[in-house]
Amino acid sequence: MNKISRPPYNDAAAISALAENARVISHPHLQASVKYILQNYKQYVSAEGNAFIVSPVKLSADVGCFLKKHYSAPPKDLQYISEMRRESRYLGCPMCGSMLSGTLDHLLPKNSYPEFSVFSQNLVQACQCNSLRSEVLMGVANERVLHPYFDECLSERLIGAGFEDLGRSPKVSIKVSVSSAHRNYSAICFHLKEVVLKTGILGYMIRQWSNFVRKPSLVVRSLEKNPASLSELECALLKERALIDDARDGKNTWDSVFLSGLLDPPVLLWIYNSLHFAGRIEDGPLV
């Protein structure tokens, strides 16, 4: 989960050029639909990709099919799609916060919104959460999938790990960190349920906990040495989280989510007491 910059491509020029390109399969069928597609591109941006506001264009089945084929095999006029695919290979996933990527996700699904099949503002780098979400988009009221290009709340710290029954194998959950009064609270909860929790995030939290308990410096480098106080431990965790946030340009990557869970006061106290347990060597196991 992360707010990222909108693509810099000129979609209006691209779709207009595509419509005039006599060498592609959509010619001349696309020409009659271009003005409606362009209108909906403007509507999409104005609505900030909010599916509750964006109304689909009624395209012919043939035109919708052509656009989806152009997404799968982009012609020269749509080379930005190939560029976005290449770049996504080494970028993290702004949809769920994992460090994986490699695909493009149609935030508004192309089967329901074929007019946005090749619209760069609707294409978001993603990992396997793309296929795991499938075409889930909205719930009731304000429940919806968040949009990494438009939802500013994705710049905030929205989720954190929850650890209970602390020890070698605690109970692990992912919790919303913001108040229920937050203007996007319903959307954040929906996104957590329908996107983030369908991934391997819980398994990742369990693995990180296992690493941390076995050797704390594997997760927090400064814990090679025991902190002298509870506040010093808190500062070490905050510093590690800030470094990760900075390196990955976001506050809801899986490693940041894990560290947020360690900062929960009961967990923080358990860690401190475990670090200073009688007979424990520095950077040795916590249990």
# chains A, B, ... in the order shown; residues from 1 in each chain; ligands from 1

$ residues_around --residues "Lys171 (chain A)" --least-positions-apart "6" --cutoff "10 Å" --atoms "only C-alpha atoms" --output "compact mmCIF listing (two decimals) with all heavy atoms, in the first residue's frame"
# COMPACT_ATOMS: atom_id res chain seq x y z
N GLY A 162 -0.26 -6.99 14.28
CA GLY A 162 -0.70 -7.21 15.66
C GLY A 162 -0.13 -8.53 16.15
O GLY A 162 -0.23 -9.54 15.45
N PHE A 163 0.51 -8.52 17.31
CA PHE A 163 1.10 -9.74 17.88
C PHE A 163 0.50 -10.00 19.26
O PHE A 163 0.50 -9.12 20.12
CB PHE A 163 2.62 -9.61 18.00
CG PHE A 163 3.33 -9.39 16.69
CD1 PHE A 163 3.86 -8.15 16.38
CD2 PHE A 163 3.46 -10.43 15.78
CE1 PHE A 163 4.52 -7.94 15.17
CE2 PHE A 163 4.11 -10.23 14.57
CZ PHE A 163 4.64 -8.99 14.27
N GLU A 164 0.00 -11.22 19.45
CA GLU A 164 -0.57 -11.62 20.74
C GLU A 164 0.00 -12.97 21.14
O GLU A 164 0.52 -13.70 20.31
CB GLU A 164 -2.10 -11.71 20.65
CG GLU A 164 -2.78 -10.39 20.28
CD GLU A 164 -4.27 -10.57 20.13
OE1 GLU A 164 -4.96 -10.54 21.17
OE2 GLU A 164 -4.74 -10.75 18.99
N ASP A 165 -0.13 -13.30 22.43
CA ASP A 165 0.43 -14.56 22.97
C ASP A 165 1.91 -14.65 22.59
O ASP A 165 2.36 -15.59 21.92
CB ASP A 165 -0.34 -15.78 22.44
CG ASP A 165 -1.79 -15.78 22.87
OD1 ASP A 165 -2.12 -15.11 23.86
OD2 ASP A 165 -2.60 -16.45 22.20
N LEU A 202 0.62 -12.33 6.10
CA LEU A 202 0.64 -12.94 7.43
C LEU A 202 1.79 -13.94 7.54
O LEU A 202 2.47 -13.99 8.57
CB LEU A 202 -0.70 -13.61 7.72
CG LEU A 202 -1.87 -12.66 7.96
CD1 LEU A 202 -3.17 -13.45 8.11
CD2 LEU A 202 -1.64 -11.80 9.20
N ILE A 206 5.02 -13.79 10.18
CA ILE A 206 5.44 -14.92 11.01
C ILE A 206 6.91 -15.21 10.79
O ILE A 206 7.67 -15.46 11.74
CB ILE A 206 4.58 -16.16 10.68
CG1 ILE A 206 3.13 -15.93 11.15
CG2 ILE A 206 5.17 -17.41 11.34
CD1 ILE A 206 2.15 -16.96 10.65

$ residues_around --residues "Gln128 (chain A)" --least-positions-apart "6" --cutoff "10 Å" --atoms "only C-alpha atoms" --output "JSON, numbers by chain"
{"A": [93, 96, 98, 100, 101, 102, 103, 105, 195, 198, 199, 200]}

$ closest_atom_pairs --of "region 35-149 of chain A" --to "region 234-247 of chain A" --cutoff "12 Å" --atoms "only C-alpha atoms" --output "tab-separated table"
residue	atom	partner	partner_atom	distance
A:Leu91	CA	A:Ala247	CA	11.9
A:Gly92	CA	A:Ala247	CA	11.3
A:Gly97	CA	A:Asp245	CA	11.3
A:Met99	CA	A:Ile244	CA	11.7

$ residues_around --residues "Asn142 (chain A)" --least-positions-apart "6" --cutoff "8 Å" --atoms "only C-alpha atoms" --output "count of residues only"
3

$ residues_around --residues "Lys68 (chain A)" --least-positions-apart "6" --cutoff "9 Å" --atoms "only C-alpha atoms" --output "list in words"
Lys110, Asn111, Pro114, Glu115, Ser117 and Val118 of chain A

$ select_by_dssp --residues "region 52-191 of chain A" --states "strand (DSSP E)" --output "list in words"
Thr103, Leu104, Asp105, His106, Leu123, Val124, Gln125, Ala126, Ile159, Gly160, Ala161, Gly162, Phe163, Glu164, Lys171, Val172, Ser173, Ile174, Lys175 and Val176 of chain A

$ write_last_selection --atoms "N, CA, C and O atoms" --output "PDB file, in the first residue's frame"
ATOM      1  N   THR A 103       3.798  -7.204 -12.720  1.00  0.00           N
ATOM      2  CA  THR A 103       2.624  -7.161 -13.583  1.00  0.00           C
ATOM      3  C   THR A 103       2.003  -5.767 -13.499  1.00  0.00           C
ATOM      4  O   THR A 103       2.378  -4.951 -12.662  1.00  0.00           O
ATOM      5  N   LEU A 104       1.025  -5.521 -14.359  1.00  0.00           N
ATOM      6  CA  LEU A 104       0.222  -4.313 -14.273  1.00  0.00           C
ATOM      7  C   LEU A 104      -1.197  -4.714 -13.901  1.00  0.00           C
ATOM      8  O   LEU A 104      -1.751  -5.672 -14.446  1.00  0.00           O
ATOM      9  N   ASP A 105      -1.767  -3.996 -12.972  1.00  0.00           N
ATOM     10  CA  ASP A 105      -3.123  -4.247 -12.513  1.00  0.00           C
ATOM     11  C   ASP A 105      -4.055  -3.196 -13.103  1.00  0.00           C
ATOM     12  O   ASP A 105      -3.780  -1.997 -13.010  1.00  0.00           O
ATOM     13  N   HIS A 106      -5.144  -3.628 -13.725  1.00  0.00           N
ATOM     14  CA  HIS A 106      -6.195  -2.687 -14.112  1.00  0.00           C
ATOM     15  C   HIS A 106      -7.006  -2.398 -12.855  1.00  0.00           C
ATOM     16  O   HIS A 106      -7.767  -3.249 -12.399  1.00  0.00           O
ATOM     17  N   LEU A 123      -3.557   1.762 -14.961  1.00  0.00           N
ATOM     18  CA  LEU A 123      -2.606   0.651 -14.914  1.00  0.00           C
ATOM     19  C   LEU A 123      -1.628   0.875 -13.771  1.00  0.00           C
ATOM     20  O   LEU A 123      -0.886   1.856 -13.763  1.00  0.00           O
ATOM     21  N   VAL A 124      -1.635  -0.036 -12.806  1.00  0.00           N
ATOM     22  CA  VAL A 124      -0.811   0.103 -11.612  1.00  0.00           C
ATOM     23  C   VAL A 124       0.071  -1.127 -11.472  1.00  0.00           C
ATOM     24  O   VAL A 124      -0.412  -2.262 -11.564  1.00  0.00           O
ATOM     25  N   GLN A 125       1.362  -0.903 -11.249  1.00  0.00           N
ATOM     26  CA  GLN A 125       2.267  -2.028 -11.010  1.00  0.00           C
ATOM     27  C   GLN A 125       1.756  -2.830  -9.818  1.00  0.00           C
ATOM     28  O   GLN A 125       1.252  -2.275  -8.840  1.00  0.00           O
ATOM     29  N   ALA A 126       1.878  -4.138  -9.887  1.00  0.00           N
ATOM     30  CA  ALA A 126       1.344  -4.973  -8.815  1.00  0.00           C
ATOM     31  C   ALA A 126       2.058  -6.318  -8.783  1.00  0.00           C
ATOM     32  O   ALA A 126       2.785  -6.687  -9.707  1.00  0.00           O
ATOM     33  N   ILE A 159      -1.618   0.744   8.255  1.00  0.00           N
ATOM     34  CA  ILE A 159      -1.768  -0.583   8.855  1.00  0.00           C
ATOM     35  C   ILE A 159      -0.516  -0.965   9.632  1.00  0.00           C
ATOM     36  O   ILE A 159       0.572  -0.444   9.401  1.00  0.00           O
ATOM     37  N   GLY A 160      -0.696  -1.874  10.575  1.00  0.00           N
ATOM     38  CA  GLY A 160       0.422  -2.395  11.348  1.00  0.00           C
ATOM     39  C   GLY A 160       0.133  -3.818  11.768  1.00  0.00           C
ATOM     40  O   GLY A 160      -1.031  -4.247  11.812  1.00  0.00           O
ATOM     41  N   ALA A 161       1.176  -4.560  12.074  1.00  0.00           N
ATOM     42  CA  ALA A 161       1.005  -5.934  12.527  1.00  0.00           C
ATOM     43  C   ALA A 161       0.488  -5.947  13.958  1.00  0.00           C
ATOM     44  O   ALA A 161       0.758  -5.031  14.747  1.00  0.00           O
ATOM     45  N   GLY A 162      -0.259  -6.986  14.284  1.00  0.00           N
ATOM     46  CA  GLY A 162      -0.701  -7.210  15.659  1.00  0.00           C
ATOM     47  C   GLY A 162      -0.128  -8.531  16.149  1.00  0.00           C
ATOM     48  O   GLY A 162      -0.228  -9.544  15.454  1.00  0.00           O
ATOM     49  N   PHE A 163       0.514  -8.525  17.313  1.00  0.00           N
ATOM     50  CA  PHE A 163       1.097  -9.745  17.883  1.00  0.00           C
ATOM     51  C   PHE A 163       0.496 -10.003  19.258  1.00  0.00           C
ATOM     52  O   PHE A 163       0.496  -9.120  20.118  1.00  0.00           O
ATOM     53  N   GLU A 164       0.000 -11.223  19.453  1.00  0.00           N
ATOM     54  CA  GLU A 164      -0.571 -11.619  20.737  1.00  0.00           C
ATOM     55  C   GLU A 164       0.000 -12.970  21.140  1.00  0.00           C
ATOM     56  O   GLU A 164       0.518 -13.704  20.307  1.00  0.00           O
ATOM     57  N   LYS A 171       0.190 -15.223  17.948  1.00  0.00           N
ATOM     58  CA  LYS A 171      -0.923 -14.987  17.024  1.00  0.00           C
ATOM     59  C   LYS A 171      -0.621 -13.690  16.274  1.00  0.00           C
ATOM     60  O   LYS A 171      -0.226 -12.697  16.875  1.00  0.00           O
ATOM     61  N   VAL A 172      -0.808 -13.715  14.974  1.00  0.00           N
ATOM     62  CA  VAL A 172      -0.453 -12.563  14.144  1.00  0.00           C
ATOM     63  C   VAL A 172      -1.677 -12.084  13.380  1.00  0.00           C
ATOM     64  O   VAL A 172      -2.453 -12.889  12.848  1.00  0.00           O
ATOM     65  N   SER A 173      -1.844 -10.776  13.316  1.00  0.00           N
ATOM     66  CA  SER A 173      -2.929 -10.172  12.547  1.00  0.00           C
ATOM     67  C   SER A 173      -2.415  -8.884  11.923  1.00  0.00           C
ATOM     68  O   SER A 173      -1.310  -8.435  12.217  1.00  0.00           O
ATOM     69  N   ILE A 174      -3.212  -8.315  11.030  1.00  0.00           N
ATOM     70  CA  ILE A 174      -2.903  -7.006  10.457  1.00  0.00           C
ATOM     71  C   ILE A 174      -4.062  -6.080  10.825  1.00  0.00           C
ATOM     72  O   ILE A 174      -5.228  -6.401  10.577  1.00  0.00           O
ATOM     73  N   LYS A 175      -3.725  -4.941  11.423  1.00  0.00           N
ATOM     74  CA  LYS A 175      -4.736  -4.028  11.943  1.00  0.00           C
ATOM     75  C   LYS A 175      -4.663  -2.673  11.254  1.00  0.00           C
ATOM     76  O   LYS A 175      -3.583  -2.225  10.851  1.00  0.00           O
ATOM     77  N   VAL A 176      -5.810  -2.039  11.139  1.00  0.00           N
ATOM     78  CA  VAL A 176      -5.855  -0.668  10.641  1.00  0.00           C
ATOM     79  C   VAL A 176      -5.337   0.252  11.733  1.00  0.00           C
ATOM     80  O   VAL A 176      -5.739   0.143  12.901  1.00  0.00           O
TER      81      VAL A 176
END

$ closest_residue --among "A:Ser256, A:Asn2, A:Ser112, A:Asn211" --to "Phe150 (chain A)" --atoms "only C-alpha atoms"
A:Asn2

$ closest_residue --among "A:Val145, A:Val287, A:Ile37, A:Leu30" --to "Asp11 (chain A)" --atoms "only C-alpha atoms"
A:Ile37
